[in-house]
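Enquirer: Input structure: input02.cif, which contains mmCIF, N, CA and C atoms.
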```
data_start
loop_
_atom_site.label_atom_id
_atom_site.label_comp_id
_atom_site.auth_asym_id
_atom_site.auth_seq_id
_atom_site.Cartn_x
_atom_site.Cartn_y
_atom_site.Cartn_z
N MET A 111 128.34 -70.11 -56.27
CA MET A 111 128.04 -70.29 -54.87
C MET A 111 129.33 -70.49 -54.10
N LYS A 112 129.39 -69.88 -52.91
CA LYS A 112 130.58 -69.98 -52.07
C LYS A 112 130.63 -71.34 -51.38
N THR A 113 131.83 -71.77 -51.11
CA THR A 113 132.00 -73.01 -50.34
C THR A 113 131.73 -72.71 -48.88
N ILE A 114 131.52 -73.76 -48.11
CA ILE A 114 131.27 -73.56 -46.68
C ILE A 114 132.50 -72.95 -46.00
N GLU A 115 133.68 -73.26 -46.48
CA GLU A 115 134.89 -72.67 -45.92
C GLU A 115 134.93 -71.16 -46.14
N GLU A 116 134.53 -70.72 -47.33
CA GLU A 116 134.47 -69.29 -47.62
C GLU A 116 133.44 -68.59 -46.74
N VAL A 117 132.29 -69.22 -46.55
CA VAL A 117 131.25 -68.63 -45.71
C VAL A 117 131.73 -68.55 -44.26
N LYS A 118 132.41 -69.59 -43.79
CA LYS A 118 132.93 -69.57 -42.42
C LYS A 118 133.93 -68.44 -42.22
N THR A 119 134.73 -68.16 -43.23
CA THR A 119 135.71 -67.07 -43.15
C THR A 119 135.01 -65.72 -43.08
N GLU A 120 133.93 -65.56 -43.83
CA GLU A 120 133.21 -64.29 -43.87
C GLU A 120 132.35 -64.07 -42.62
N CYS A 121 131.78 -65.11 -42.09
CA CYS A 121 130.89 -65.02 -40.93
C CYS A 121 131.67 -65.42 -39.68
N LYS A 122 132.53 -64.53 -39.23
CA LYS A 122 133.49 -64.84 -38.17
C LYS A 122 132.84 -65.21 -36.85
N TYR A 123 131.68 -64.66 -36.55
CA TYR A 123 131.05 -64.89 -35.24
C TYR A 123 129.98 -65.97 -35.27
N ALA A 124 129.79 -66.59 -36.40
CA ALA A 124 128.76 -67.62 -36.54
C ALA A 124 129.39 -69.00 -36.68
N ASP A 125 128.66 -69.98 -36.20
CA ASP A 125 128.99 -71.37 -36.52
C ASP A 125 128.24 -71.67 -37.80
N VAL A 126 128.97 -71.88 -38.88
CA VAL A 126 128.35 -72.12 -40.18
C VAL A 126 128.29 -73.62 -40.42
N MET A 127 127.12 -74.08 -40.82
CA MET A 127 126.92 -75.50 -41.11
C MET A 127 125.97 -75.63 -42.29
N THR A 128 125.97 -76.80 -42.88
CA THR A 128 125.00 -77.02 -43.94
C THR A 128 123.62 -77.07 -43.32
N LYS A 129 122.62 -76.85 -44.14
CA LYS A 129 121.24 -76.92 -43.67
C LYS A 129 120.95 -78.31 -43.11
N GLU A 130 121.46 -79.34 -43.76
CA GLU A 130 121.24 -80.71 -43.31
C GLU A 130 121.90 -80.97 -41.94
N GLU A 131 123.11 -80.44 -41.75
CA GLU A 131 123.78 -80.57 -40.46
C GLU A 131 122.97 -79.88 -39.36
N PHE A 132 122.46 -78.70 -39.67
CA PHE A 132 121.65 -77.97 -38.70
C PHE A 132 120.39 -78.75 -38.34
N LEU A 133 119.70 -79.27 -39.34
CA LEU A 133 118.48 -80.04 -39.08
C LEU A 133 118.78 -81.27 -38.24
N GLN A 134 119.92 -81.90 -38.46
CA GLN A 134 120.30 -83.06 -37.65
C GLN A 134 120.58 -82.65 -36.21
N GLU A 135 121.25 -81.52 -36.01
CA GLU A 135 121.52 -81.02 -34.66
C GLU A 135 120.21 -80.75 -33.91
N VAL A 136 119.24 -80.16 -34.60
CA VAL A 136 117.94 -79.90 -33.98
C VAL A 136 117.24 -81.21 -33.67
N SER A 137 117.25 -82.13 -34.63
CA SER A 137 116.61 -83.43 -34.45
C SER A 137 117.22 -84.21 -33.28
N ASP A 138 118.53 -84.09 -33.10
CA ASP A 138 119.23 -84.78 -32.02
C ASP A 138 119.06 -84.09 -30.67
N GLY A 139 118.44 -82.91 -30.67
CA GLY A 139 118.24 -82.17 -29.43
C GLY A 139 119.44 -81.36 -28.99
N CYS A 140 120.41 -81.19 -29.86
CA CYS A 140 121.63 -80.45 -29.52
C CYS A 140 121.44 -78.93 -29.63
N ILE A 141 120.49 -78.50 -30.44
CA ILE A 141 120.21 -77.08 -30.66
C ILE A 141 118.71 -76.88 -30.54
N ASN A 142 118.32 -75.81 -29.82
CA ASN A 142 116.92 -75.41 -29.80
C ASN A 142 116.84 -73.89 -29.77
N SER A 143 115.65 -73.37 -29.82
CA SER A 143 115.47 -71.92 -29.94
C SER A 143 115.96 -71.15 -28.72
N PHE A 144 116.14 -71.82 -27.59
CA PHE A 144 116.65 -71.16 -26.39
C PHE A 144 118.17 -71.03 -26.42
N ASP A 145 118.83 -71.77 -27.29
CA ASP A 145 120.29 -71.79 -27.36
C ASP A 145 120.88 -70.62 -28.13
N GLY A 146 120.12 -70.05 -29.04
CA GLY A 146 120.64 -68.97 -29.87
C GLY A 146 119.73 -68.70 -31.04
N CYS A 147 120.30 -68.08 -32.06
CA CYS A 147 119.53 -67.78 -33.26
C CYS A 147 120.34 -68.17 -34.49
N GLY A 148 119.64 -68.44 -35.55
CA GLY A 148 120.29 -68.83 -36.79
C GLY A 148 119.58 -68.21 -37.97
N TYR A 149 120.34 -68.00 -39.03
CA TYR A 149 119.81 -67.41 -40.24
C TYR A 149 120.28 -68.21 -41.44
N PHE A 150 119.42 -68.35 -42.41
CA PHE A 150 119.79 -69.05 -43.62
C PHE A 150 120.78 -68.22 -44.43
N HIS A 151 121.63 -68.91 -45.14
CA HIS A 151 122.64 -68.31 -46.02
C HIS A 151 122.38 -68.84 -47.42
N ASP A 152 122.30 -67.95 -48.39
CA ASP A 152 121.92 -68.38 -49.75
C ASP A 152 123.08 -68.82 -50.63
N GLY A 153 124.26 -68.92 -50.06
CA GLY A 153 125.43 -69.31 -50.84
C GLY A 153 126.25 -68.12 -51.28
N GLU A 154 125.66 -66.93 -51.16
CA GLU A 154 126.38 -65.69 -51.48
C GLU A 154 126.42 -64.75 -50.28
N LYS A 155 125.30 -64.69 -49.53
CA LYS A 155 125.25 -63.82 -48.36
C LYS A 155 124.27 -64.37 -47.34
N GLU A 156 124.49 -63.95 -46.10
CA GLU A 156 123.58 -64.33 -45.02
C GLU A 156 122.26 -63.58 -45.20
N THR A 157 121.16 -64.27 -44.98
CA THR A 157 119.84 -63.63 -45.09
C THR A 157 119.39 -63.19 -43.70
N ASN A 158 118.25 -62.54 -43.64
CA ASN A 158 117.64 -62.21 -42.35
C ASN A 158 116.48 -63.15 -42.04
N ILE A 159 116.46 -64.31 -42.68
CA ILE A 159 115.41 -65.29 -42.50
C ILE A 159 115.80 -66.24 -41.37
N SER A 160 115.04 -66.17 -40.28
CA SER A 160 115.34 -66.96 -39.09
C SER A 160 115.03 -68.44 -39.31
N VAL A 161 115.89 -69.28 -38.79
CA VAL A 161 115.65 -70.72 -38.86
C VAL A 161 114.49 -71.13 -37.97
N TRP A 162 114.07 -70.27 -37.06
CA TRP A 162 112.97 -70.57 -36.14
C TRP A 162 111.63 -70.01 -36.62
N ASP A 163 111.56 -69.47 -37.82
CA ASP A 163 110.31 -68.94 -38.37
C ASP A 163 109.37 -70.09 -38.70
N ASP A 164 108.33 -70.26 -37.89
CA ASP A 164 107.39 -71.37 -38.04
C ASP A 164 106.52 -71.27 -39.29
N SER A 165 106.49 -70.10 -39.91
CA SER A 165 105.66 -69.95 -41.10
C SER A 165 106.34 -70.47 -42.37
N LEU A 166 107.63 -70.80 -42.28
CA LEU A 166 108.37 -71.27 -43.45
C LEU A 166 108.04 -72.73 -43.74
N THR A 167 107.98 -73.04 -45.01
CA THR A 167 107.81 -74.42 -45.45
C THR A 167 109.12 -74.92 -46.05
N TRP A 168 109.18 -76.22 -46.31
CA TRP A 168 110.38 -76.78 -46.93
C TRP A 168 110.65 -76.11 -48.27
N ASN A 169 109.60 -75.81 -49.03
CA ASN A 169 109.78 -75.14 -50.32
C ASN A 169 110.41 -73.76 -50.15
N ASP A 170 110.13 -73.11 -49.03
CA ASP A 170 110.72 -71.79 -48.77
C ASP A 170 112.21 -71.87 -48.50
N VAL A 171 112.67 -72.94 -47.85
CA VAL A 171 114.05 -72.99 -47.38
C VAL A 171 114.96 -73.96 -48.13
N LYS A 172 114.40 -74.76 -49.00
CA LYS A 172 115.23 -75.77 -49.66
C LYS A 172 116.34 -75.18 -50.52
N LYS A 173 116.20 -73.93 -50.92
CA LYS A 173 117.21 -73.29 -51.77
C LYS A 173 118.42 -72.78 -50.98
N TYR A 174 118.33 -72.77 -49.64
CA TYR A 174 119.43 -72.25 -48.82
C TYR A 174 120.36 -73.39 -48.41
N PRO A 175 121.62 -73.33 -48.80
CA PRO A 175 122.52 -74.43 -48.49
C PRO A 175 123.11 -74.40 -47.08
N TYR A 176 123.17 -73.21 -46.46
CA TYR A 176 123.87 -73.08 -45.19
C TYR A 176 123.01 -72.39 -44.13
N VAL A 177 123.42 -72.59 -42.89
CA VAL A 177 122.85 -71.89 -41.74
C VAL A 177 123.99 -71.24 -40.98
N CYS A 178 123.80 -69.97 -40.62
CA CYS A 178 124.74 -69.26 -39.76
C CYS A 178 124.12 -69.24 -38.37
N TRP A 179 124.76 -69.93 -37.42
CA TRP A 179 124.22 -70.10 -36.09
C TRP A 179 125.01 -69.25 -35.08
N TYR A 180 124.26 -68.54 -34.24
CA TYR A 180 124.85 -67.67 -33.21
C TYR A 180 124.38 -68.16 -31.84
N ASN A 181 125.30 -68.71 -31.05
CA ASN A 181 124.97 -69.12 -29.69
C ASN A 181 124.73 -67.92 -28.81
N LYS A 182 123.87 -68.11 -27.81
CA LYS A 182 123.65 -67.04 -26.84
C LYS A 182 124.78 -66.99 -25.86
#
```
Reformat the file's structure so that it appears as structure tokens.
Expert:
Amino acid sequence: MKTIEEVKTECKYADVMTKEEFLQEVSDGCINSFDGCGYFHDGEKETNISVWDDSLTWNDVKKYPYVCWYNK
């Protein structure tokens, strides 16, 4: 699995954070669905799975260590 620094280098236009950091940002009201879009990263590559997909459960996303966030 790649480190967060490696993922940040590869995803030049995204703000890369851990899944936990992203969840805290959402919980604190710093990020919402109107601010941009984000996709889970599996540790090797960015997925096309949106962080705003309401059909996902914790079991679906717990395996993803990172989020690639794109501000509008």
Enquirer: What's the separation between atom CA of Trp168 of chain A and atom CA of Lys122 of chain A, in Å to one decimal place?
Expert: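 Interatomic distance here is 27.4 Å.
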Enquirer: From the options A:Ile159, A:Val171, A:Cys178, A:Cys140, which residue's atoms come nearest to Asp125 of chain A, counting only C-alpha atoms?
Expert: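 Smallest distance to Asp125 of chain A is found for A:Cys178.
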Enquirer: The residues within 9 Å of (124.7, -67.9, -39.9), using only C-alpha atoms and the coordinates of the file, should be reported as a JSON list (two decimals) with N, CA and C atoms, in the frame of the given file; which are they?
Expert:
```
[["chain", "number", "residue", "atom", "x", "y", "z"],
["A", 117, "VAL", "N", 132.29, -69.22, -46.55],
["A", 117, "VAL", "CA", 131.25, -68.63, -45.71],
["A", 117, "VAL", "C", 131.73, -68.55, -44.26],
["A", 118, "LYS", "N", 132.41, -69.59, -43.79],
["A", 118, "LYS", "CA", 132.93, -69.57, -42.42],
["A", 118, "LYS", "C", 133.93, -68.44, -42.22],
["A", 121, "CYS", "N", 131.78, -65.11, -42.09],
["A", 121, "CYS", "CA", 130.89, -65.02, -40.93],
["A", 121, "CYS", "C", 131.67, -65.42, -39.68],
["A", 123, "TYR", "N", 131.68, -64.66, -36.55],
["A", 123, "TYR", "CA", 131.05, -64.89, -35.24],
["A", 123, "TYR", "C", 129.98, -65.97, -35.27],
["A", 124, "ALA", "N", 129.79, -66.59, -36.40],
["A", 124, "ALA", "CA", 128.76, -67.62, -36.54],
["A", 124, "ALA", "C", 129.39, -69.00, -36.68],
["A", 125, "ASP", "N", 128.66, -69.98, -36.20],
["A", 125, "ASP", "CA", 128.99, -71.37, -36.52],
["A", 125, "ASP", "C", 128.24, -71.67, -37.80],
["A", 126, "VAL", "N", 128.97, -71.88, -38.88],
["A", 126, "VAL", "CA", 128.35, -72.12, -40.18],
["A", 126, "VAL", "C", 128.29, -73.62, -40.42],
["A", 127, "MET", "N", 127.12, -74.08, -40.82],
["A", 127, "MET", "CA", 126.92, -75.50, -41.11],
["A", 127, "MET", "C", 125.97, -75.63, -42.29],
["A", 147, "CYS", "N", 120.30, -68.08, -32.06],
["A", 147, "CYS", "CA", 119.53, -67.78, -33.26],
["A", 147, "CYS", "C", 120.34, -68.17, -34.49],
["A", 148, "GLY", "N", 119.64, -68.44, -35.55],
["A", 148, "GLY", "CA", 120.29, -68.83, -36.79],
["A", 148, "GLY", "C", 119.58, -68.21, -37.97],
["A", 149, "TYR", "N", 120.34, -68.00, -39.03],
["A", 149, "TYR", "CA", 119.81, -67.41, -40.24],
["A", 149, "TYR", "C", 120.28, -68.21, -41.44],
["A", 150, "PHE", "N", 119.42, -68.35, -42.41],
["A", 150, "PHE", "CA", 119.79, -69.05, -43.62],
["A", 150, "PHE", "C", 120.78, -68.22, -44.43],
["A", 151, "HIS", "N", 121.63, -68.91, -45.14],
["A", 151, "HIS", "CA", 122.64, -68.31, -46.02],
["A", 151, "HIS", "C", 122.38, -68.84, -47.42],
["A", 156, "GLU", "N", 124.49, -63.95, -46.10],
["A", 156, "GLU", "CA", 123.58, -64.33, -45.02],
["A", 156, "GLU", "C", 122.26, -63.58, -45.20],
["A", 157, "THR", "N", 121.16, -64.27, -44.98],
["A", 157, "THR", "CA", 119.84, -63.63, -45.09],
["A", 157, "THR", "C", 119.39, -63.19, -43.70],
["A", 176, "TYR", "N", 123.17, -73.21, -46.46],
["A", 176, "TYR", "CA", 123.87, -73.08, -45.19],
["A", 176, "TYR", "C", 123.01, -72.39, -44.13],
["A", 177, "VAL", "N", 123.42, -72.59, -42.89],
["A", 177, "VAL", "CA", 122.85, -71.89, -41.74],
["A", 177, "VAL", "C", 123.99, -71.24, -40.98],
["A", 178, "CYS", "N", 123.80, -69.97, -40.62],
["A", 178, "CYS", "CA", 124.74, -69.26, -39.76],
["A", 178, "CYS", "C", 124.12, -69.24, -38.37],
["A", 179, "TRP", "N", 124.76, -69.93, -37.42],
["A", 179, "TRP", "CA", 124.22, -70.10, -36.09],
["A", 179, "TRP", "C", 125.01, -69.25, -35.08],
["A", 180, "TYR", "N", 124.26, -68.54, -34.24],
["A", 180, "TYR", "CA", 124.85, -67.67, -33.21],
["A", 180, "TYR", "C", 124.38, -68.16, -31.84]]
```
Enquirer: Rounded to one decimal place, report the atom N of Trp162 of chain A-atom C of Thr119 of chain A distance in Å.
Expert: 22.3 Å
Enquirer: Give the answer as one residue: which of A:Ser137, A:Asp152, A:Gly146, A:Asn158 has the shortest atom-to-atom distance to Lys172 of chain A, using only C-alpha atoms?
Expert: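 Nearest to Lys172 of chain A: A:Asp152.
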Enquirer: Return as a list of chain:residue names the full set of residues in segment 135-174 of chain A whose backbone-based DSSP assignment is alpha helix (DSSP H).
Expert: A:Glu135, A:Val136, A:Ser137, A:Trp168, A:Asn169, A:Asp170, A:Val171
